[in-house]
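**Student:** One structure is given below, represented as structure tokens, and several questions about it will come after.
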Amino acid sequence: QVQVVESGGGFVQAGGSLTLSCRASRMITSVFNPATMGWYRQVPGNQREFIASISSSRVTNYADPVKGRFTISRDNSRKTVYLQMNSLKPEDTAVYYCNNVVTPGSWGKGTLVNVSG
């Protein structure tokens, strides 16, 4: 059962910003709050790749291509994880997904980010 819904994607020019949201409305609080949640992205024809994660104690981890440009955060009261994306590049174009990092559930539909150069 899909437990997350991603939103916030869109079309943006290079250098622009977007904020993605991942609402884990079907994940019970006792599961969401201690979970390390992550953002991933996938370009058609390529494997899904890890982008960023945030633990229950808000320790964050980023893939090298997005370090210094993307910021992951979470709001446990809303069971939501965010991804603030700045200085976007055409190579950031992909479908973005979120999931539980340690015990991933079914993948959601994702949200498309399209960066034009």
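Every chain in the structure tokens takes a letter, A first, then B, and so on in the order presented; its residues are numbered from 1, and the ligands are numbered from 1 following the presented order.
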Chain A: which residues are alpha helix (DSSP H) by DSSP, as a ChimeraX atom specification?
**Tutor:** /A:29-32
**Student:** May I have the selected residues written with N, CA, C and O atoms, as a CSV table (one decimal), in the first residue's frame?
**Tutor:**
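So again.csv came out as:
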```
chain,number,residue,atom,x,y,z
A,29,THR,N,1.7,7.6,13.0
A,29,THR,CA,2.6,8.5,13.6
A,29,THR,C,3.8,7.7,14.3
A,29,THR,O,4.9,8.1,14.2
A,30,SER,N,3.4,6.6,14.9
A,30,SER,CA,4.4,5.9,15.6
A,30,SER,C,5.4,5.2,14.7
A,30,SER,O,6.5,4.8,15.1
A,31,VAL,N,5.1,5.1,13.4
A,31,VAL,CA,6.0,4.6,12.4
A,31,VAL,C,6.8,5.8,11.7
A,31,VAL,O,8.0,5.7,11.5
A,32,PHE,N,6.1,6.9,11.4
A,32,PHE,CA,6.7,8.0,10.8
A,32,PHE,C,7.8,8.7,11.6
A,32,PHE,O,8.9,8.9,11.2
```
**Student:** Would you tabulate, counting only C-alpha atoms, all residues of range 50-111 of chain A that have an atom at most 10 Å from an atom of range 37-41 of chain A, showing the closest pair of atoms and their distance in Å to one decimal, sorted by chain then ascending number, as CSV?
**Tutor:**
```
residue,atom,partner,partner_atom,distance
A:Phe50,CA,A:Tyr40,CA,4.5
A:Ile51,CA,A:Tyr40,CA,5.0
A:Ala52,CA,A:Trp39,CA,5.3
A:Ser53,CA,A:Gly38,CA,4.0
A:Ile54,CA,A:Met37,CA,5.5
A:Ser55,CA,A:Met37,CA,6.5
A:Ser56,CA,A:Met37,CA,8.3
A:Arg58,CA,A:Met37,CA,9.9
A:Thr60,CA,A:Gly38,CA,9.4
A:Asn61,CA,A:Gly38,CA,9.1
A:Tyr62,CA,A:Trp39,CA,9.5
A:Ala63,CA,A:Tyr40,CA,9.8
A:Ile72,CA,A:Trp39,CA,8.3
A:Ser73,CA,A:Met37,CA,9.5
A:Arg74,CA,A:Met37,CA,8.7
A:Thr80,CA,A:Met37,CA,9.6
A:Val81,CA,A:Met37,CA,7.4
A:Tyr82,CA,A:Trp39,CA,8.8
A:Leu83,CA,A:Trp39,CA,7.6
A:Asp92,CA,A:Arg41,CA,8.6
A:Thr93,CA,A:Arg41,CA,8.8
A:Ala94,CA,A:Arg41,CA,5.9
A:Val95,CA,A:Arg41,CA,5.4
A:Tyr96,CA,A:Arg41,CA,4.2
A:Tyr97,CA,A:Tyr40,CA,5.1
A:Cys98,CA,A:Trp39,CA,4.4
A:Asn99,CA,A:Gly38,CA,5.6
A:Asn100,CA,A:Met37,CA,4.6
A:Val101,CA,A:Met37,CA,5.4
A:Val102,CA,A:Met37,CA,8.2
A:Thr103,CA,A:Met37,CA,9.6
A:Pro104,CA,A:Met37,CA,9.0
A:Gly110,CA,A:Arg41,CA,8.5
A:Thr111,CA,A:Arg41,CA,9.3
```
**Student:** Of the residues A:Gly68, A:Gln42, A:Lys79, A:Thr36, which is the one nearest to Val4 in chain A, using only C-alpha atoms?
**Tutor:**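 Closest residue, counting only C-alpha atoms: A:Lys79.
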**Student:** Record the distance separating CA of Glu6 in chain A and CA of Gly105 in chain A, expressed in Å with one decimal.
**Tutor:** 13.9 Å
**Student:** Can you list every residue in range 47-99 of chain A that DSSP puts in strand (DSSP E or B), as a PyMOL selection string?
**Tutor:** chain A and resi 49-54+60-62+70-75+80-85+94-99
**Student:** Under the rule that only C-alpha atoms are counted, which of A:Val43, A:Val113, A:Cys22, A:Leu88 is the nearest residue to Asp75 in chain A?
**Tutor:**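 Ranking A:Val43, A:Val113, A:Cys22, A:Leu88 by distance to Asp75 in chain A, first place goes to A:Cys22.
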**Student:** Taking 5 positions as the minimum chain separation for residues in the same chain, which residues sit within 12 Å of Ser116 in chain A when counting only C-alpha atoms? Answer as a list in words.
**Tutor:** Gly10, Phe11, Val12, Gln13, Ala14, Gly15, Gly16, Leu88, Lys89, Pro90, Glu91, Asp92, Thr93 and Ala94 of chain A
**Student:** Once you have the residues from the selection above, write them out as a PDB file, in the first residue's frame, restricted to C-alpha atoms.
**Tutor:**
```
ATOM      1  CA  GLY A  10       7.028  21.789 -11.876  1.00  0.00           C
ATOM      2  CA  PHE A  11       8.853  23.565 -14.658  1.00  0.00           C
ATOM      3  CA  VAL A  12      11.613  25.974 -13.695  1.00  0.00           C
ATOM      4  CA  GLN A  13      14.539  27.661 -15.363  1.00  0.00           C
ATOM      5  CA  ALA A  14      18.095  26.842 -14.445  1.00  0.00           C
ATOM      6  CA  GLY A  15      19.104  28.691 -11.308  1.00  0.00           C
ATOM      7  CA  GLY A  16      15.584  28.639  -9.949  1.00  0.00           C
ATOM      8  CA  LEU A  88      18.579  24.041  -9.973  1.00  0.00           C
ATOM      9  CA  LYS A  89      20.405  22.630 -12.981  1.00  0.00           C
ATOM     10  CA  PRO A  90      19.082  20.883 -16.100  1.00  0.00           C
ATOM     11  CA  GLU A  91      20.624  17.648 -14.807  1.00  0.00           C
ATOM     12  CA  ASP A  92      18.252  17.823 -11.811  1.00  0.00           C
ATOM     13  CA  THR A  93      15.379  17.063 -14.190  1.00  0.00           C
ATOM     14  CA  ALA A  94      13.752  13.847 -12.962  1.00  0.00           C
TER      15      ALA A  94
END
```
**Student:** Restricting the calculation to only C-alpha atoms: of A:Gly9, A:Gly108, A:Pro44, A:Gly117, which residue gets closest to Arg23 in chain A?
**Tutor:**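 Residue with the minimum atom-to-atom distance to Arg23 in chain A: A:Gly108.
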**Student:** Nearest to Asp64 in chain A among A:Lys109, A:Val5, A:Ile28, A:Glu49, with distances taken over only C-alpha atoms: which residue is it?
**Tutor:**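 Using only C-alpha atoms, Asp64 in chain A sits closest to A:Glu49.
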**Student:** Can you tell me, as a list of chain:residue names, what residues are no more than 7 Å from Asn86 in chain A when counting only C-alpha atoms, ignoring any on the same chain fewer than 3 positions away?
**Tutor:**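 The residues satisfying every condition are A:Gly16, A:Ser17, A:Leu18, A:Arg69, A:Phe70.
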**Student:** Take the residues just selected and output them with N, CA and C atoms as a compact mmCIF listing (two decimals), in the first residue's frame.
**Tutor:**
```
# COMPACT_ATOMS: atom_id res chain seq x y z
N GLY A 16 16.78 28.42 -10.74
CA GLY A 16 15.58 28.64 -9.95
C GLY A 16 15.49 27.70 -8.76
N SER A 17 14.35 27.79 -8.06
CA SER A 17 14.13 27.01 -6.85
C SER A 17 12.76 26.36 -6.86
N LEU A 18 12.67 25.25 -6.17
CA LEU A 18 11.40 24.56 -5.94
C LEU A 18 11.46 23.92 -4.57
N ARG A 69 23.09 22.63 -2.30
CA ARG A 69 21.98 23.22 -3.08
C ARG A 69 20.62 22.78 -2.55
N PHE A 70 20.52 21.54 -2.07
CA PHE A 70 19.25 21.00 -1.59
C PHE A 70 19.27 20.91 -0.06
```
**Student:** Just the residues within 8 Å of Ser106 in chain A, please, counting only C-alpha atoms, with nothing from its chain fewer than 5 positions along; format it as a VMD selection string.
**Tutor:** chain A and resid 1 to 3
**Student:** So, counting only C-alpha atoms, which residue among A:Gln47, A:Asn33, A:Thr19, A:Ser7 is closest to Ser77 in chain A?
**Tutor:**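 Closest to Ser77 in chain A, using only C-alpha atoms: A:Asn33.
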